[in-house]
Amino acid sequence: MIDRKKLAQELILRENIRKAIKIVKQKRTSARLSDFKDENRLREVIRSLLSEGQSAVASAAKHDSTGINALEDLLKNTNVLSVIETGYKSLTTKDDDDPPEGQTKQRRSYENHILSAVGKSLAPEESRKEAGEDVEITEDIDIDVGDRPEDDPDFIDVGDEEVEEADPKEEFGLNGEDKTGRNRAFTDFADIEKVILTAFDDLDNPSDMAMFEEYLIKNLALYFEKYENELAGNVDAPEAALDAAADVGVDVEAGQGSEETDIPEFTLQEVIKHLNIDDIIENLL
């Protein structure tokens with residue numbers, strides 16, 4: 001005769017075992033899902049890092065002219081553009097004879113003075129480099145000075161008149177241009193002239209120096225046009241700016257070089273092909 005009590009206990013035990021097995025399976029499934037999510041998350045992180053690395057390599061692509069490379073570094077990594085943008089956009093007063101829309105006399109004066117000052121500042125540096133180092137004068141000059149230099153017939157007596165020093169802003173200025181724009185350009189150029197000359201002084205090749213100077217002035221003019229459009233509420237880069245920037249591969253709106261270059265880029269994509277993400281994950285987990 002079957003012992004009902006033992007049978008009931010056995011049924012309860014079996015049911016508990018089934019529940020225990022179910023719980024273990026659920027935990028294992030949950031653990032696998034968790035591992036799968038972690039693995040997918042890790043894959044996303046690795047792919048993101050690889051993508052960032054590829055972008056970093058692309059952004060480091062250089063042009064086939066050292067002069068243009070130096071110019072791009074100057075515009076991207078110094079305060080030149082921020083200084084002139086702030087100065088240019090601060091000149092908002094309109095005179096009665098200014099047009100209802102477009103560039104005011106103050107801003108036009110600012111632009112003309114900055115562009116002129118850049119050219120004047122680089123010109124003597126370029127001439128100095130083309131002439132080479134300063135030549136030491138070794139010729140002896142025989143000058144017989146008596147007791148009273150004033151008695152020498154070649155002595156030019158200028159008297160005790162004080163020579164009036166010229167106003168640096170007047171020397172900096174251009175005829176017929178607004179003086180408010182001139183004064184702000186004078187102040188701002190004093191802040192950026194040194195960094196421009198430092199970048200230019202690293203160049204020695206005549207072609208590099210010519211490219212640096214030509215495209216610095218051209219790009220500054222394009223940025224002034226861009227700033228004027230922004231003041232007018234039009235943030236689109238003008239077609240003239242895009243066309244000129246294409247000559248050297250400079251992105252006018254972003255201030256960055258394009259990815260196109262004559263120098264082969266680092267083939268990161270080829271390296272990615274040979275990377276086994278599964279092996280990376282296995283080593284990291």
# chains A, B, ... in the order shown; residues from 1 in each chain; ligands from 1

$ closest_atom_pairs --of "stretch 194-228 of chain A" --to "stretch 184-189 of chain A" --cutoff "12 Å" --atoms "only C-alpha atoms" --output "JSON lines"
{"residue": "A:Lys194", "atom": "CA", "partner": "A:Phe189", "partner_atom": "CA", "distance": 8.9}
{"residue": "A:Val195", "atom": "CA", "partner": "A:Phe189", "partner_atom": "CA", "distance": 10.3}
{"residue": "A:Ile196", "atom": "CA", "partner": "A:Phe189", "partner_atom": "CA", "distance": 9.8}
{"residue": "A:Leu197", "atom": "CA", "partner": "A:Phe189", "partner_atom": "CA", "distance": 11.6}

$ write_last_selection --atoms "C-alpha atoms" --output "PDB file, in the first residue's frame"
ATOM      1  CA  LYS A 194      54.129  89.048 -32.361  1.00  0.00           C
ATOM      2  CA  VAL A 195      52.445  85.658 -32.868  1.00  0.00           C
ATOM      3  CA  ILE A 196      52.199  86.290 -36.608  1.00  0.00           C
ATOM      4  CA  LEU A 197      55.888  87.156 -36.850  1.00  0.00           C
TER       5      LEU A 197
END

$ residues_around --residues "A:Ser121" --least-positions-apart "6" --cutoff "12 Å" --atoms "only C-alpha atoms" --output "ChimeraX atom specification"
/A:113-115,127-128,172,189-190,192-198,200-201,213,217

$ write_last_selection --atoms "N, CA and C atoms" --output "mmCIF file, in the first residue's frame"
data_model
loop_
_atom_site.group_PDB
_atom_site.id
_atom_site.type_symbol
_atom_site.label_atom_id
_atom_site.label_comp_id
_atom_site.auth_asym_id
_atom_site.auth_seq_id
_atom_site.Cartn_x
_atom_site.Cartn_y
_atom_site.Cartn_z
ATOM 1 N N HIS A 113 42.999 98.551 -42.242
ATOM 2 C CA HIS A 113 44.190 98.788 -41.438
ATOM 3 C C HIS A 113 44.856 97.474 -41.019
ATOM 4 N N ILE A 114 44.050 96.473 -40.657
ATOM 5 C CA ILE A 114 44.619 95.177 -40.258
ATOM 6 C C ILE A 114 45.330 94.531 -41.434
ATOM 7 N N LEU A 115 44.687 94.483 -42.593
ATOM 8 C CA LEU A 115 45.300 93.852 -43.760
ATOM 9 C C LEU A 115 46.561 94.593 -44.183
ATOM 10 N N SER A 127 62.327 90.669 -46.398
ATOM 11 C CA SER A 127 63.524 91.278 -46.989
ATOM 12 C C SER A 127 64.771 90.905 -46.210
ATOM 13 N N ARG A 128 64.638 90.858 -44.885
ATOM 14 C CA ARG A 128 65.787 90.503 -44.047
ATOM 15 C C ARG A 128 66.240 89.081 -44.318
ATOM 16 N N PHE A 172 50.493 104.588 -38.267
ATOM 17 C CA PHE A 172 49.793 103.337 -38.554
ATOM 18 C C PHE A 172 48.633 103.563 -39.522
ATOM 19 N N PHE A 189 46.122 94.976 -33.434
ATOM 20 C CA PHE A 189 47.282 94.461 -34.159
ATOM 21 C C PHE A 189 48.503 94.361 -33.244
ATOM 22 N N ALA A 190 48.574 95.255 -32.263
ATOM 23 C CA ALA A 190 49.672 95.170 -31.295
ATOM 24 C C ALA A 190 49.607 93.861 -30.509
ATOM 25 N N ILE A 192 48.428 90.916 -31.776
ATOM 26 C CA ILE A 192 48.603 89.721 -32.605
ATOM 27 C C ILE A 192 49.851 89.757 -33.479
ATOM 28 N N GLU A 193 50.507 90.900 -33.573
ATOM 29 C CA GLU A 193 51.662 91.007 -34.477
ATOM 30 C C GLU A 193 52.766 90.029 -34.088
ATOM 31 N N LYS A 194 53.023 89.891 -32.800
ATOM 32 C CA LYS A 194 54.129 89.048 -32.361
ATOM 33 C C LYS A 194 53.910 87.584 -32.738
ATOM 34 N N VAL A 195 52.688 87.074 -32.555
ATOM 35 C CA VAL A 195 52.445 85.658 -32.868
ATOM 36 C C VAL A 195 52.514 85.430 -34.377
ATOM 37 N N ILE A 196 52.102 86.417 -35.152
ATOM 38 C CA ILE A 196 52.199 86.290 -36.608
ATOM 39 C C ILE A 196 53.662 86.227 -37.035
ATOM 40 N N LEU A 197 54.473 87.130 -36.486
ATOM 41 C CA LEU A 197 55.888 87.156 -36.850
ATOM 42 C C LEU A 197 56.616 85.906 -36.357
ATOM 43 N N THR A 198 56.202 85.374 -35.208
ATOM 44 C CA THR A 198 56.820 84.151 -34.694
ATOM 45 C C THR A 198 56.576 82.987 -35.646
ATOM 46 N N PHE A 200 55.837 83.238 -38.844
ATOM 47 C CA PHE A 200 56.506 83.535 -40.109
ATOM 48 C C PHE A 200 58.015 83.336 -39.994
ATOM 49 N N ASP A 201 58.570 83.614 -38.828
ATOM 50 C CA ASP A 201 60.022 83.542 -38.643
ATOM 51 C C ASP A 201 60.541 82.110 -38.716
ATOM 52 N N GLU A 213 52.348 84.563 -46.502
ATOM 53 C CA GLU A 213 51.895 85.957 -46.532
ATOM 54 C C GLU A 213 50.656 86.117 -47.410
ATOM 55 N N ILE A 217 46.777 87.028 -45.703
ATOM 56 C CA ILE A 217 45.990 88.215 -46.036
ATOM 57 C C ILE A 217 44.668 87.815 -46.693
#

$ atom_distance --atom1 "atom CA of A:Tyr88" --atom2 "atom CA of A:Asp178"
13.2 Å

$ atom_distance --atom1 "atom CA of A:Leu203" --atom2 "atom CA of A:Glu125"
10.6 Å

$ atom_distance --atom1 "atom CA of A:Phe212" --atom2 "atom CA of A:Glu126"
10.9 Å

$ residues_around --residues "A:Glu214" --least-positions-apart "2" --cutoff "12 Å" --atoms "only C-alpha atoms" --output "list of chain:residue names"
A:Gly67, A:Ile68, A:Leu71, A:Leu115, A:Val118, A:Gly119, A:Leu122, A:Ala123, A:Phe200, A:Ser207, A:Asp208, A:Met209, A:Ala210, A:Met211, A:Phe212, A:Leu216, A:Ile217, A:Lys218, A:Asn219, A:Leu220, A:Ala221, A:Ala244, A:Asp247, A:Val248
